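For reference, the structure is listed below as structure tokens.
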Amino acid sequence: MISRRAAETGFALLTAGFGLVVVGGAVQHGTGWDVAGPAAGYFPLRIGGLLALLGLVLAARMALTAPREALLGEGAARRVVALFIPTALFAAAMPWLGTYLPMALYLLWMARVVGGQGWLASAALALLAPPACFLLFETWLMVPLAKGPIEEALGLW
């Protein structure tokens with residue numbers, strides 16, 4: 001079993017590593033101030049450096065103070081898997097089915113099976129959320145989401 005201390009410390013180190021990657025990318029684009037204002041890497045350098053520093057501080061703190069108990073008990077591990085598998089299937093289905101059909105199926109499953117809601121509430125969520133997301137992203141924000149065969153059949157693609 002992984003201890004909570006190891007998990008917290010490891011995630012903090014991962015965060016620090018991400019900050020260092022951001023710093024490395026920023027350095028490639030210039031980090032100073034030029035005649036037009038800040039160079040492309042000016043703000044990412046500072047944000048990445050802050051993220052790396054805070055990740056290291058948090059890693060040290062977690063290594064010294066986080067509890068040594070197991071990260072997940074048996075019941076908690078089952079709940080995490082019960083959430084992870086449908087989420088992974090949702091992500092895997094999107095390239096072939098688009099965003100909206102997998103979203104409806106995911107929301108139906110999560111509301112009905114995981115959330116314990118009734119069929120009416122689950123179906124309402126699954127049927128109303130995808131069109132609402134379509135209106136929000138595609139129409140109002142003009143951000144296209146992945147389309148699949150259903151959107152193509154409806155002429156939305």
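Convention: chains lettered A, B, ... in structure tokens order; per-chain residue numbering from 1; ligands numbered from 1 as shown.
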
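All residues of protein, DNA or RNA that reach within 9 Å of Val23 (chain A), judged by only C-alpha atoms and not counting those fewer than 4 positions away in the chain, are A:Phe18, A:Gly19, A:Val27, A:Gln28, A:Gly41, A:Pro44, A:Leu45, A:Arg46, A:Ile47, A:Gly48, A:Gly49, A:Ala52.
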
Given the selection you just returned, output its residues as a file containing N, CA and C atoms, formatted as a compact mmCIF listing (two decimals), in the first residue's frame.
```
# COMPACT_ATOMS: atom_id res chain seq x y z
N PHE A 18 6.88 20.01 -12.99
CA PHE A 18 6.09 20.72 -14.01
C PHE A 18 6.50 22.18 -14.06
N GLY A 19 6.71 22.78 -12.90
CA GLY A 19 7.15 24.17 -12.86
C GLY A 19 8.50 24.35 -13.55
N VAL A 27 12.43 30.04 -20.96
CA VAL A 27 13.79 30.50 -21.27
C VAL A 27 14.03 30.47 -22.78
N GLN A 28 13.40 29.56 -23.48
CA GLN A 28 13.57 29.45 -24.93
C GLN A 28 12.91 30.60 -25.68
N GLY A 41 8.31 34.77 -22.80
CA GLY A 41 8.57 33.93 -21.63
C GLY A 41 8.61 34.66 -20.31
N PRO A 44 5.56 33.32 -17.99
CA PRO A 44 5.72 31.89 -17.71
C PRO A 44 6.95 31.58 -16.86
N LEU A 45 8.03 32.33 -17.03
CA LEU A 45 9.23 32.10 -16.21
C LEU A 45 8.91 32.31 -14.74
N ARG A 46 8.22 33.37 -14.45
CA ARG A 46 7.91 33.68 -13.05
C ARG A 46 6.89 32.71 -12.47
N ILE A 47 5.86 32.39 -13.25
CA ILE A 47 4.85 31.44 -12.77
C ILE A 47 5.46 30.05 -12.60
N GLY A 48 6.26 29.60 -13.57
CA GLY A 48 6.92 28.30 -13.47
C GLY A 48 7.88 28.23 -12.30
N GLY A 49 8.65 29.32 -12.10
CA GLY A 49 9.57 29.36 -10.96
C GLY A 49 8.84 29.31 -9.63
N ALA A 52 7.54 25.76 -9.17
CA ALA A 52 8.62 24.85 -8.79
C ALA A 52 9.02 25.06 -7.33
```

Q | For Ser3 (chain A): contacts at 9 Å, only C-alpha atoms, fewer than 3 positions along chain excluded, given as a list in words | A | Ala6, Ala7, Glu8, Pro67, Arg68, Glu69, Ala70, Leu71 and Leu72 of chain A

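Near region 96-98 of chain A, within a cut-off of 8 Å and counting only C-alpha atoms, sit the residues Leu145, Ala146, Lys147, Gly148, Pro149, Ile150 and Glu151 of chain A, with same-chain residues fewer than 5 positions away left out.
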
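Residues lying within 10 Å of Trp109 (chain A), counting only C-alpha atoms and ignoring same-chain neighbours fewer than 5 positions away, are A:Pro86, A:Met103, A:Ala104, A:Val114, A:Gly115, A:Gly116, A:Gln117, A:Ser122, A:Ala123, A:Ala126.
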
Given the selection you just returned, output its residues as a file containing C-alpha atoms, formatted as a PDB file, in the first residue's frame.
```
ATOM      1  CA  PRO A  86     -16.366   5.332 -16.608  1.00  0.00           C
ATOM      2  CA  MET A 103     -21.218  12.899 -22.331  1.00  0.00           C
ATOM      3  CA  ALA A 104     -24.858  11.849 -22.181  1.00  0.00           C
ATOM      4  CA  VAL A 114     -22.737   6.183  -8.853  1.00  0.00           C
ATOM      5  CA  GLY A 115     -24.976   8.974  -7.552  1.00  0.00           C
ATOM      6  CA  GLY A 116     -28.018   6.802  -6.856  1.00  0.00           C
ATOM      7  CA  GLN A 117     -30.448   9.250  -8.481  1.00  0.00           C
ATOM      8  CA  SER A 122     -30.632  10.838 -14.410  1.00  0.00           C
ATOM      9  CA  ALA A 123     -32.284  10.902 -17.825  1.00  0.00           C
ATOM     10  CA  ALA A 126     -28.163  13.126 -19.569  1.00  0.00           C
TER      11      ALA A 126
END
```

Q) Out of chain A, which residues get alpha helix (DSSP H) from DSSP, as a ChimeraX atom specification? A) /A:4-27,42-65,74-97,100-109,119-133,149-153

Q: Please indicate the distance in Å from CA of Arg78 (chain A) to CA of Ile2 (chain A), rounded to one decimal place.
A: 15.2 Å

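For the choices A:Ala92, A:Val81, A:Thr15, A:Phe43, the atom-to-atom distance to Thr31 (chain A) is smallest for A:Phe43 when using only C-alpha atoms.
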
Q: Could you give me, as a count of residues only, each residue of chain A that DSSP assigns to strand (DSSP E or B) when run on this structure's backbone?
A: 6

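For the atom pair formed by CA of Phe137 (chain A) and CA of Met110 (chain A), the distance is 22.2 Å, given to one decimal.
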
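Between CA of Gly118 (chain A) and CA of Leu105 (chain A) the interatomic distance comes to 15.1 Å.
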
Q.
So that I can see what lies close to Ala129 (chain A), please list as a ChimeraX atom specification the residues with an atom at most 9 Å from it, counting only C-alpha atoms and leaving out residues fewer than 3 positions away in the same chain.
A. /A:100,103-104,107,124-126,132-134
